[in-house]
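This is upload_16.txt. It holds compact mmCIF, C-alpha atoms.
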# COMPACT_ATOMS: atom_id res chain seq x y z
CA MET A 1 -21.71 21.59 -33.00
CA ILE A 2 -20.73 17.99 -32.26
CA LYS A 3 -19.88 17.29 -35.90
CA TYR A 4 -17.23 20.05 -35.74
CA LEU A 5 -15.74 18.87 -32.47
CA TYR A 6 -15.26 15.29 -33.67
CA PRO A 7 -12.58 16.15 -36.27
CA LEU A 8 -10.80 18.29 -33.68
CA PHE A 9 -10.81 15.38 -31.24
CA PHE A 10 -9.46 13.08 -33.94
CA LEU A 11 -6.65 15.50 -34.85
CA SER A 12 -5.79 15.93 -31.15
CA SER A 13 -5.51 12.16 -30.74
CA ILE A 14 -3.20 11.93 -33.77
CA TRP A 15 -1.01 14.73 -32.36
CA ASN A 16 -0.71 12.98 -28.98
CA VAL A 17 0.39 9.70 -30.55
CA THR A 18 2.87 11.48 -32.80
CA ALA A 19 4.35 13.46 -29.89
CA GLN A 20 4.75 10.35 -27.79
CA ASP A 21 6.41 8.41 -30.61
CA LYS A 22 8.83 11.19 -31.56
CA ILE A 23 12.41 10.02 -31.23
CA GLU A 24 14.87 11.95 -29.08
CA PHE A 25 18.46 11.31 -30.12
CA ILE A 26 21.12 10.86 -27.45
CA THR A 27 24.56 12.05 -28.54
CA LEU A 28 27.59 10.56 -26.79
CA LYS A 29 30.39 13.00 -26.04
CA VAL A 30 33.63 11.26 -25.09
CA LYS A 31 36.12 13.72 -23.64
CA LYS A 32 39.19 11.56 -23.08
CA PRO A 33 40.37 7.92 -23.25
CA LEU A 34 40.45 5.62 -20.26
CA GLN A 35 43.84 5.27 -18.65
CA MET A 36 45.94 2.12 -18.11
CA MET A 37 43.91 -0.10 -20.42
CA ASP A 38 45.71 -2.95 -22.19
CA PHE A 39 42.97 -3.75 -24.70
CA HIS A 40 40.93 -2.10 -27.45
CA CYS A 41 37.55 -2.81 -29.02
CA ASP A 42 37.52 -4.66 -32.34
CA GLU A 43 33.76 -4.89 -32.67
CA VAL A 44 30.43 -4.03 -31.04
CA ILE A 45 27.66 -6.60 -31.40
CA ASP A 46 24.01 -5.74 -30.81
CA LEU A 47 22.62 -8.64 -28.74
CA ARG A 48 19.48 -6.84 -27.56
CA ASN A 49 16.11 -8.55 -27.79
CA ASP A 50 14.41 -5.20 -28.38
CA LYS A 51 16.31 -3.10 -30.90
CA LYS A 52 13.67 -0.38 -31.31
CA SER A 53 15.15 2.10 -28.82
CA ILE A 54 17.56 2.59 -25.93
CA GLY A 55 14.84 3.71 -23.50
CA PHE A 56 12.84 6.87 -23.01
CA ILE A 57 13.10 10.45 -21.80
CA ARG A 58 10.46 12.97 -20.68
CA LYS A 59 10.09 16.33 -22.39
CA GLY A 60 8.24 19.56 -21.69
CA LEU A 61 6.09 20.69 -18.79
CA SER A 62 3.79 17.70 -19.26
CA LYS A 63 6.77 15.32 -18.99
CA LYS A 64 5.52 13.36 -21.98
CA LYS A 65 7.55 10.24 -22.70
CA ARG A 66 9.60 10.15 -25.87
CA ILE A 67 11.51 7.24 -27.33
CA ALA A 68 15.29 7.64 -27.03
CA ASP A 69 17.85 6.29 -29.48
CA PHE A 70 21.29 6.98 -30.92
CA PRO A 71 21.45 9.24 -34.00
CA ASP A 72 23.13 6.53 -36.13
CA ASP A 73 23.33 2.75 -36.50
CA PHE A 74 23.58 1.25 -32.99
CA GLU A 75 26.71 -0.85 -33.48
CA ASN A 76 28.64 1.70 -35.56
CA TYR A 77 27.77 4.61 -33.30
CA LEU A 78 28.82 2.85 -30.09
CA LYS A 79 31.98 1.56 -31.76
CA LYS A 80 33.10 5.08 -32.69
CA SER A 81 32.62 6.29 -29.10
CA ILE A 82 34.33 3.25 -27.57
CA ASP A 83 37.28 3.70 -29.97
CA ILE A 84 37.91 7.05 -28.25
CA LEU A 85 37.62 5.45 -24.81
CA LEU A 86 39.89 2.54 -25.81
CA PRO A 87 42.29 3.73 -28.51
CA LYS A 88 44.20 0.94 -30.20
CA LYS A 89 47.83 0.76 -29.06
CA GLU A 90 50.84 -1.14 -30.29
CA ASN A 91 50.54 -4.06 -27.85
CA SER A 92 46.87 -3.84 -26.88
CA ILE A 93 44.62 -6.87 -27.23
CA GLY A 94 41.37 -6.75 -29.16
CA ILE A 95 38.04 -7.52 -27.47
CA ILE A 96 34.42 -7.60 -28.62
CA LEU A 97 31.62 -5.93 -26.67
CA GLY A 98 28.24 -7.62 -26.95
CA ILE A 99 25.48 -5.31 -25.72
CA ARG A 100 22.72 -7.49 -24.25
CA GLY A 101 20.72 -4.55 -23.00
CA ILE A 102 20.71 -0.77 -22.63
CA ASP A 103 17.90 1.11 -20.99
CA ILE A 104 17.79 4.79 -20.08
CA SER A 105 14.85 6.20 -18.16
CA GLU A 106 13.64 9.14 -16.10
CA TYR A 107 11.27 9.37 -13.16
CA GLU A 108 10.32 11.66 -10.30
CA GLY A 109 12.29 11.45 -7.09
CA HIS A 110 11.36 13.01 -3.76
CA ARG A 111 12.45 16.52 -4.75
CA GLU A 112 14.36 16.06 -7.99
CA GLU A 113 14.18 14.09 -11.18
CA ILE A 114 16.20 10.88 -11.36
CA GLY A 115 17.90 9.70 -14.53
CA LYS A 116 18.99 6.08 -14.86
CA CYS A 117 21.07 4.02 -17.26
CA ARG A 118 21.42 0.26 -17.12
CA MET A 119 23.68 -1.70 -19.47
CA GLN A 120 24.29 -5.45 -19.74
CA ILE A 121 27.52 -6.25 -21.54
CA GLU A 122 29.18 -9.48 -22.64
CA ILE A 123 32.94 -8.92 -22.88
CA CYS A 124 34.27 -11.28 -25.52
CA LYS A 125 37.32 -12.32 -27.49
CA LYS A 126 37.60 -13.99 -30.88
CA GLU A 127 39.77 -16.97 -31.74
CA GLY A 128 39.55 -17.68 -35.45
CA ASP A 129 35.85 -17.53 -36.26
CA ILE A 130 34.72 -18.46 -32.74
CA ILE A 131 33.59 -15.83 -30.20
CA TYR A 132 34.06 -16.57 -26.49
CA SER A 133 32.52 -14.63 -23.61
CA ILE A 134 35.17 -13.93 -20.97
CA GLY A 135 33.16 -11.61 -18.74
CA TYR A 136 29.68 -10.27 -18.04
CA GLU A 137 28.77 -6.93 -16.51
CA ASP A 138 25.40 -5.50 -15.48
CA ILE A 139 25.89 -1.85 -14.53
CA VAL A 140 23.39 0.72 -13.23
CA ILE A 141 24.28 4.42 -13.02
CA LYS A 142 21.89 7.03 -11.62
CA GLY A 143 21.90 10.80 -11.41
CA LYS A 144 19.70 13.49 -9.89
CA GLY A 145 18.83 17.01 -10.97
CA ILE A 146 16.19 19.42 -12.19
CA ASP A 147 16.62 18.26 -15.78
CA VAL A 148 18.26 14.82 -16.01
CA THR A 149 17.79 14.46 -19.78
CA LYS A 150 21.05 16.30 -20.42
CA GLY A 151 22.96 13.75 -18.34
CA HIS A 152 22.05 10.61 -20.27
CA SER A 153 25.16 10.78 -22.45
CA LYS A 154 27.38 10.97 -19.38
CA ARG A 155 25.56 8.11 -17.63
CA ILE A 156 25.80 5.84 -20.69
CA LEU A 157 29.54 6.46 -20.93
CA LYS A 158 29.96 5.90 -17.19
CA THR A 159 28.30 2.48 -17.43
CA ILE A 160 30.69 1.50 -20.23
CA GLU A 161 33.69 2.88 -18.34
CA LYS A 162 32.73 1.05 -15.15
CA ALA A 163 32.31 -2.25 -17.01
CA LEU A 164 35.66 -1.88 -18.77
CA THR A 165 37.45 -0.81 -15.59
CA ARG A 166 36.13 -3.83 -13.68
CA PHE A 167 37.22 -6.06 -16.52
CA ARG A 168 40.74 -4.60 -16.56
CA VAL A 169 41.09 -5.04 -12.80
CA ARG A 170 40.13 -8.68 -13.01
CA ASP A 171 42.62 -9.25 -15.85
CA ASN A 172 40.39 -11.86 -17.47
CA ILE A 173 41.59 -11.17 -21.00
CA TYR A 174 43.53 -14.44 -20.96
CA ARG A 175 40.66 -16.63 -19.77
CA LYS A 176 39.37 -19.39 -22.00
CA GLY A 177 35.80 -18.25 -21.45
CA ILE A 178 32.68 -19.93 -22.80
CA LEU A 179 31.11 -19.82 -26.23
CA LEU A 180 29.03 -16.66 -26.63
CA ASP A 181 25.98 -18.66 -27.69
CA GLU A 182 26.32 -20.76 -24.54
CA ALA A 183 26.65 -17.64 -22.39
CA LEU A 184 23.44 -16.23 -23.86
CA ALA A 185 21.65 -19.51 -23.17
CA ILE A 186 22.58 -19.73 -19.46
CA PRO A 187 19.29 -19.89 -17.52
CA LYS A 188 18.61 -17.14 -15.02
CA TRP A 189 18.99 -17.90 -11.34
CA ASP A 190 16.13 -19.84 -9.78
CA LEU A 191 15.46 -17.45 -6.92
CA ASN A 192 14.41 -20.23 -4.59
CA GLN A 193 17.67 -22.17 -4.94
CA VAL A 194 21.17 -21.34 -3.70
CA PRO A 195 22.93 -19.64 -6.64
CA LYS A 196 25.96 -21.04 -8.41
CA LYS A 197 29.13 -20.96 -6.31
CA GLY A 198 31.14 -17.80 -6.90
CA LEU A 199 31.78 -14.13 -6.23
CA TYR A 200 29.33 -11.64 -7.73
CA SER A 201 30.00 -7.95 -8.27
CA SER A 202 26.37 -6.96 -8.95
CA LEU A 203 22.79 -8.11 -8.60
CA GLY A 204 22.70 -8.46 -12.38
CA GLN A 205 25.57 -10.96 -12.30
CA LEU A 206 23.78 -12.88 -9.55
CA LEU A 207 20.50 -13.06 -11.47
CA GLN A 208 22.36 -14.24 -14.58
CA GLN A 209 24.45 -16.80 -12.62
CA ARG A 210 27.64 -15.18 -13.97
CA PRO A 211 30.14 -14.88 -11.09
CA PHE A 212 33.41 -13.16 -11.87
CA LEU A 213 35.25 -15.81 -9.82
CA GLU A 214 34.02 -19.38 -9.28
CA ASN A 215 36.78 -20.99 -7.20
CA GLY A 216 39.79 -20.24 -5.01
CA PHE A 217 37.99 -18.34 -2.23
CA ASP A 218 36.64 -19.09 1.22
CA VAL A 219 33.97 -17.59 3.49
CA GLN A 220 35.00 -17.43 7.15
CA VAL A 221 33.22 -16.48 10.38
CA ILE A 222 34.78 -13.41 12.02
CA LEU A 223 32.22 -12.79 14.77
CA LYS A 224 30.15 -15.74 15.89
CA GLU A 225 27.24 -14.17 17.74
CA THR A 226 24.26 -16.12 19.00
CA HIS A 227 21.84 -14.83 16.38
CA PHE A 228 23.77 -12.95 13.72
CA PRO A 229 27.22 -14.34 12.85
CA GLN A 230 29.42 -12.06 10.74
CA TYR A 231 31.34 -13.47 7.79
CA THR A 232 34.24 -12.27 5.69
CA LEU A 233 35.65 -13.16 2.29
CA HIS A 234 39.04 -14.84 2.48
CA LYS A 235 40.47 -13.89 -0.91
CA GLU A 236 42.53 -10.98 -2.25
CA ILE A 237 40.43 -9.40 -5.01
CA GLY A 238 41.68 -5.82 -5.02
CA ASN A 239 39.03 -3.13 -5.39
CA ILE A 240 36.34 -5.27 -6.99
CA GLU A 241 32.90 -4.72 -5.48
CA THR A 242 31.60 -8.04 -4.15
CA PRO A 243 28.15 -7.60 -2.58
CA PHE A 244 27.18 -11.27 -3.01
CA ILE A 245 28.97 -14.54 -2.28
CA SER A 246 27.70 -18.07 -2.79
CA ASP A 247 29.64 -21.01 -1.40
CA GLY A 248 27.25 -23.42 -3.09
CA GLU A 249 25.37 -24.01 0.17
CA ASP A 250 24.41 -20.50 1.30
CA LEU A 251 24.14 -16.97 -0.09
CA PHE A 252 25.96 -14.20 1.80
CA ILE A 253 24.93 -10.52 1.54
CA LYS A 254 27.36 -7.69 2.22
CA ALA A 255 25.99 -5.47 4.98
CA GLU A 256 27.05 -2.32 3.14
CA LEU A 257 24.00 -2.80 0.90
CA TYR A 258 21.76 -1.72 3.77
CA GLY A 259 24.04 0.59 5.75
CA GLY A 260 26.20 -1.86 7.69
CA LYS A 261 29.96 -2.26 7.63
CA GLY A 262 32.17 -4.45 5.47
CA TYR A 263 31.05 -7.83 6.81
CA TYR A 264 28.61 -10.35 5.31
CA ARG A 265 25.42 -11.88 6.72
CA LYS A 266 23.95 -15.20 5.64
CA ALA A 267 20.61 -14.95 3.84
CA LYS A 268 17.88 -16.63 5.87
CA TYR A 269 15.35 -16.95 3.05
CA LEU A 270 15.77 -16.86 -0.72
CA GLY A 271 13.17 -15.90 -3.28
CA LYS A 272 12.01 -12.74 -4.99
CA TYR A 273 12.71 -11.07 -1.64
CA ILE A 274 16.06 -12.15 -0.20
CA TYR A 275 15.74 -11.96 3.57
CA VAL A 276 18.60 -11.39 5.99
CA GLU A 277 18.64 -10.52 9.70
CA ASP A 278 20.96 -7.94 11.22
CA TYR A 279 21.08 -5.15 13.75
CA ILE A 280 19.61 -1.80 12.79
CA PRO A 281 22.16 1.06 12.74
CA ILE A 282 19.97 3.15 15.03
CA HIS A 283 19.93 5.99 17.47
CA GLN A 284 17.23 6.79 20.00
CA THR A 285 15.08 9.76 18.95
CA SER A 286 13.51 12.22 21.36
CA THR A 287 10.12 10.54 20.88
CA GLY A 288 11.50 7.14 21.79
CA SER A 289 11.18 5.67 18.31
CA MET A 290 14.15 4.13 16.58
CA MET A 291 15.44 5.49 13.32
CA GLY A 292 17.92 3.89 10.93
CA SER A 293 19.54 5.16 7.76
CA ILE A 294 19.99 2.67 4.96
CA VAL A 295 22.20 3.17 1.94
CA GLY A 296 21.40 0.68 -0.80
CA PRO A 297 22.41 0.12 -4.43
CA VAL A 298 19.88 2.63 -5.71
CA GLY A 299 20.26 5.49 -3.24
CA SER A 300 19.31 6.14 0.35
CA ALA A 301 16.12 5.88 2.36
CA ILE A 302 15.06 6.58 5.93
CA GLY A 303 12.86 4.16 7.82
CA TYR A 304 11.27 4.27 11.24
CA ALA A 305 10.90 1.23 13.49
CA LEU A 306 7.90 2.66 15.29
CA ASP A 307 6.58 -0.53 16.86
CA TYR A 308 9.74 -2.26 17.97
CA ASN A 309 11.66 -2.17 21.22
CA ILE A 310 14.52 -4.23 19.82
CA ARG A 311 17.79 -3.44 18.12
CA SER A 312 17.58 -6.10 15.46
CA LEU A 313 15.30 -6.56 12.50
CA GLY A 314 15.01 -8.15 9.10
CA TYR A 315 16.19 -6.62 5.84
CA ILE A 316 15.10 -7.59 2.36
CA LEU A 317 16.64 -7.21 -1.05
CA ASN A 318 13.99 -6.86 -3.74
CA THR A 319 15.46 -8.73 -6.72
CA ASP A 320 13.11 -6.89 -9.12
CA THR A 321 14.21 -3.37 -8.17
CA GLY A 322 17.57 -3.85 -6.42
CA ASN A 323 16.25 -1.91 -3.40
CA CYS A 324 17.58 -3.10 -0.06
CA TYR A 325 15.93 -1.87 3.13
CA PHE A 326 14.91 -2.90 6.62
CA LEU A 327 11.40 -4.04 7.36
CA ASP A 328 9.83 -1.58 9.73
CA ARG A 329 6.06 -1.56 9.92
CA LEU A 330 5.64 1.08 7.21
CA ASN A 331 7.86 -0.75 4.72
CA LEU A 332 6.25 -4.07 5.53
CA SER A 333 2.75 -2.64 5.04
CA ALA A 334 3.73 -1.24 1.65
CA LEU A 335 5.28 -4.56 0.67
CA LEU A 336 2.14 -6.48 1.63
CA LYS A 337 -0.47 -4.08 0.23
CA GLU A 338 -1.64 -6.66 -2.32
CA HIS A 339 -1.78 -9.44 0.28
CA PRO A 340 -4.34 -8.48 2.96
CA ASP A 341 -4.26 -12.00 4.38
CA LEU A 342 -0.56 -11.60 5.26
CA ILE A 343 -1.20 -8.13 6.72
CA GLU A 344 -3.92 -9.57 8.94
CA GLU A 345 -1.67 -12.43 10.01
CA PHE A 346 1.15 -10.05 10.91
CA GLU A 347 -1.15 -7.73 12.87
CA LYS A 348 -2.30 -10.69 14.98
CA SER A 349 1.28 -11.76 15.69
CA ASN A 350 3.66 -10.53 18.39
CA LYS A 351 5.51 -8.54 15.69
CA GLU A 352 8.83 -10.07 16.64
CA PRO A 353 11.63 -10.63 14.08
CA GLU A 354 10.61 -14.26 13.69
CA ASP A 355 7.09 -13.10 12.79
CA VAL A 356 8.50 -10.79 10.13
CA ALA A 357 10.65 -13.62 8.76
CA ASN A 358 7.64 -15.93 8.59
CA ILE A 359 5.66 -13.33 6.62
CA ILE A 360 8.49 -12.90 4.10
CA ARG A 361 8.77 -16.65 3.70
CA LYS A 362 5.06 -16.83 2.87
CA LEU A 363 5.31 -13.82 0.55
CA ASN A 364 8.08 -15.55 -1.38
CA GLU A 365 5.88 -18.62 -1.67
CA LYS A 366 3.16 -16.45 -3.23
CA SER A 367 5.70 -14.84 -5.58
CA LYS A 368 6.89 -18.09 -7.17
Would you put the structure from the file into structure tokens?
Amino acid sequence: MIKYLYPLFFLSSIWNVTAQDKIEFITLKVKKPLQMMDFHCDEVIDLRNDKKSIGFIRKGLSKKKRIADFPDDFENYLKKSIDILLPKKENSIGIILGIRGIDISEYEGHREEIGKCRMQIEICKKEGDIIYSIGYEDIVIKGKGIDVTKGHSKRILKTIEKALTRFRVRDNIYRKGILLDEALAIPKWDLNQVPKKGLYSSLGQLLQQRPFLENGFDVQVILKETHFPQYTLHKEIGNIETPFISDGEDLFIKAELYGGKGYYRKAKYLGKYIYVEDYIPIHQTSTGSMMGSIVGPVGSAIGYALDYNIRSLGYILNTDTGNCYFLDRLNLSALLKEHPDLIEEFEKSNKEPEDVANIIRKLNEKSK
């Protein structure tokens, strides 16, 4: 009997590999051009390190992963779609879009599926035979639903639209820029050092040390409290999102990342986990525990400060995931699950904010 089962097992294994490697094509459907754009796209350049796919989707009841890709040549296919978004006009200026990365993915949320698209784009211009980078965007778009596969086309287009809209607002088409090869060779931010001076519109820009503005701004104190001074950006930048500011000496985090208002707090510790102290936006529950709602760059989360009788606590930004949340005991335990020595040290402490800060400092040391 075994000799008959062996071929069946072999065929089953072949089928599983084939099913997993089957390519699912993502078709882009552009409905209308972007408004008030003064440039068009002359060329799309594929700058990706991995050109095998654009990510993965999950199909069927088993949610088996399948490779995702465009149905035609990467550069030509994107160019055709972008030509609809940015039709060439009489006085429009030509740009080049260098795609450094595109990754679509799907995973299970709390009650729904979550679809995600991340794109990293070098916005360039050409002078003679030389290509200059005049802007860098790292955009993440997410969506929820019962079946998020159908929304990948829309999310991809939204990432492109958001990048182009930011670029138009900044009006950087006339910048000198830097050579594209030099832009690609810029080392990533050393997480333990203060990042390059500038204004950053995304975590991706911060990690790549690519601020959209390097000079001509100032960071000022607007509320000088004993423990948690509030800062503001003294510069007119329109509607550009600016969650991170570096003045060359300190990194400032916009409180909106974790549910605060429009002010900035100074990061206390840098590293894989950027640590900042602030008040928790809390209300007193009927059980006496404190509850805060945090809205971060990747969605919302609820945390419970079960062991604290204070109204202030530390927040961290995980530079790997982009998640920003406050460090109640549950979140801290999850963060330290692979470091029992730090858990033991925290349990023996007074569990005050300074104890939390000390643990994060040591965790960053371990993460170097």
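Nearest to Gly198 in chain A of all the residues A:Leu223, A:Ile245, A:Val30, A:Ile23 is A:Ile245, based on only C-alpha atoms.
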Within 10 Å of range 153-159 of chain A: each range 67-129 of chain A residue with its shortest pair, all atoms listed in the file, as CSV:
residue,atom,partner,partner_atom,distance
A:Leu78,CA,A:Leu157,CA,9.9
A:Ser81,CA,A:Leu157,CA,8.7
A:Ile82,CA,A:Leu157,CA,8.8
A:Leu85,CA,A:Leu157,CA,9.0
A:Ile102,CA,A:Ile156,CA,8.6
A:Asp103,CA,A:Ile156,CA,9.2
A:Ile104,CA,A:Ile156,CA,8.1
A:Gly115,CA,A:Arg155,CA,8.4
A:Lys116,CA,A:Arg155,CA,7.4
A:Cys117,CA,A:Arg155,CA,6.1
A:Arg118,CA,A:Thr159,CA,7.2
A:Met119,CA,A:Thr159,CA,6.6
A:Gln120,CA,A:Thr159,CA,9.2
A:Ile121,CA,A:Thr159,CA,9.7
For a cutoff of 7 Å around the file-coordinate point (15.0, 18.9, -9.9), which residues qualify once you count only C-alpha atoms? I'd like the result as a PDB file with C-alpha atoms, in the frame of the given file.
ATOM      1  CA  ARG A 111      12.450  16.520  -4.750  1.00  0.00           C
ATOM      2  CA  GLU A 112      14.360  16.060  -7.990  1.00  0.00           C
ATOM      3  CA  GLU A 113      14.180  14.090 -11.180  1.00  0.00           C
ATOM      4  CA  GLY A 145      18.830  17.010 -10.970  1.00  0.00           C
ATOM      5  CA  ILE A 146      16.190  19.420 -12.190  1.00  0.00           C
ATOM      6  CA  ASP A 147      16.620  18.260 -15.780  1.00  0.00           C
TER       7      ASP A 147
END
Between CA of Gly109 in chain A and CA of Ile274 in chain A, what is the distance in Å, rounded to a tenth? 24.9 Å
In terms of only C-alpha atoms, the residue from A:Arg66, A:Lys196, A:Pro187, A:Cys324 at minimal distance from Ile253 in chain A is A:Cys324
Contacts of Phe74 in chain A within 10 Å, all atoms listed in the file, excl. fewer than 3 positions in-chain, as a PDB file with C-alpha atoms, in the frame of the given file:
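part.pdb, written as the output of this step:
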ATOM      1  CA  VAL A  44      30.430  -4.030 -31.040  1.00  0.00           C
ATOM      2  CA  ILE A  45      27.660  -6.600 -31.400  1.00  0.00           C
ATOM      3  CA  ASP A  46      24.010  -5.740 -30.810  1.00  0.00           C
ATOM      4  CA  LYS A  51      16.310  -3.100 -30.900  1.00  0.00           C
ATOM      5  CA  SER A  53      15.150   2.100 -28.820  1.00  0.00           C
ATOM      6  CA  ILE A  54      17.560   2.590 -25.930  1.00  0.00           C
ATOM      7  CA  ASP A  69      17.850   6.290 -29.480  1.00  0.00           C
ATOM      8  CA  PHE A  70      21.290   6.980 -30.920  1.00  0.00           C
ATOM      9  CA  PRO A  71      21.450   9.240 -34.000  1.00  0.00           C
ATOM     10  CA  TYR A  77      27.770   4.610 -33.300  1.00  0.00           C
ATOM     11  CA  LEU A  78      28.820   2.850 -30.090  1.00  0.00           C
ATOM     12  CA  LYS A  79      31.980   1.560 -31.760  1.00  0.00           C
ATOM     13  CA  ILE A  99      25.480  -5.310 -25.720  1.00  0.00           C
TER      14      ILE A  99
END
Students should find that CA of Phe217 in chain A and CA of His234 in chain A are spaced 6.0 Å
Which residues, written as a list in words, have at least one atom at most 12 Å from Val194 in chain A, with all atoms listed in the file counted and residues fewer than 4 positions away on the same chain left out?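 The contact residues come out as Trp189, Asp190, Gly198, Leu206, Leu207, Gln209, Phe244, Ile245, Ser246, Asp247, Gly248, Glu249, Asp250, Leu251, Phe252, Lys266, Ala267, Lys268, Tyr269, Leu270, Gly271 and Ile274 of chain A.
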If you count only C-alpha atoms, the residue of A:Tyr107, A:Phe212, A:Phe228, A:Tyr200 closest to Phe167 in chain A turns out to be A:Phe212
To one decimal place in Å, what is the distance between CA of Lys63 in chain A and CA of Val140 in chain A? 22.9 Å
With all atoms listed in the file as the basis for distance, which of A:Ile160, A:Ile130, A:Ile222, A:Ile93 is at the shortest distance from Glu182 in chain A?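 Nearest to Glu182 in chain A: A:Ile130.
Nearest-residue note for Met37 in chain A: choosing from A:Glu161, A:Glu345, A:Glu236, A:Glu108, the minimum distance belongs to A:Glu161, counting all atoms listed in the file.
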Top pick for closest residue to Glu352 in chain A, considering A:Leu327, A:Val221, A:Val276, A:Ile316 and counting only C-alpha atoms: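 Result for the nearest residue to Glu352 in chain A: A:Leu327.
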Please write as a CSV table (one decimal) with C-alpha atoms, keeping the file's coordinate frame the list of polymer residues whose atoms come within 8 Å of (9.6, -8.6, 12.5), counting all atoms listed in the file and keeping to the coordinates of the file.
chain,number,residue,atom,x,y,z
A,313,LEU,CA,15.3,-6.6,12.5
A,314,GLY,CA,15.0,-8.2,9.1
A,327,LEU,CA,11.4,-4.0,7.4
A,328,ASP,CA,9.8,-1.6,9.7
A,351,LYS,CA,5.5,-8.5,15.7
A,352,GLU,CA,8.8,-10.1,16.6
A,353,PRO,CA,11.6,-10.6,14.1
A,354,GLU,CA,10.6,-14.3,13.7
A,355,ASP,CA,7.1,-13.1,12.8
A,356,VAL,CA,8.5,-10.8,10.1
A,357,ALA,CA,10.6,-13.6,8.8
I'd like the neighbourhood of Ile123 in chain A as a PyMOL selection string, where a residue qualifies if any of its atoms comes within 8 Å (using only C-alpha atoms), though same-chain residues fewer than 2 positions away should be ignored. chain A and resi 95-98+121+125+133-137
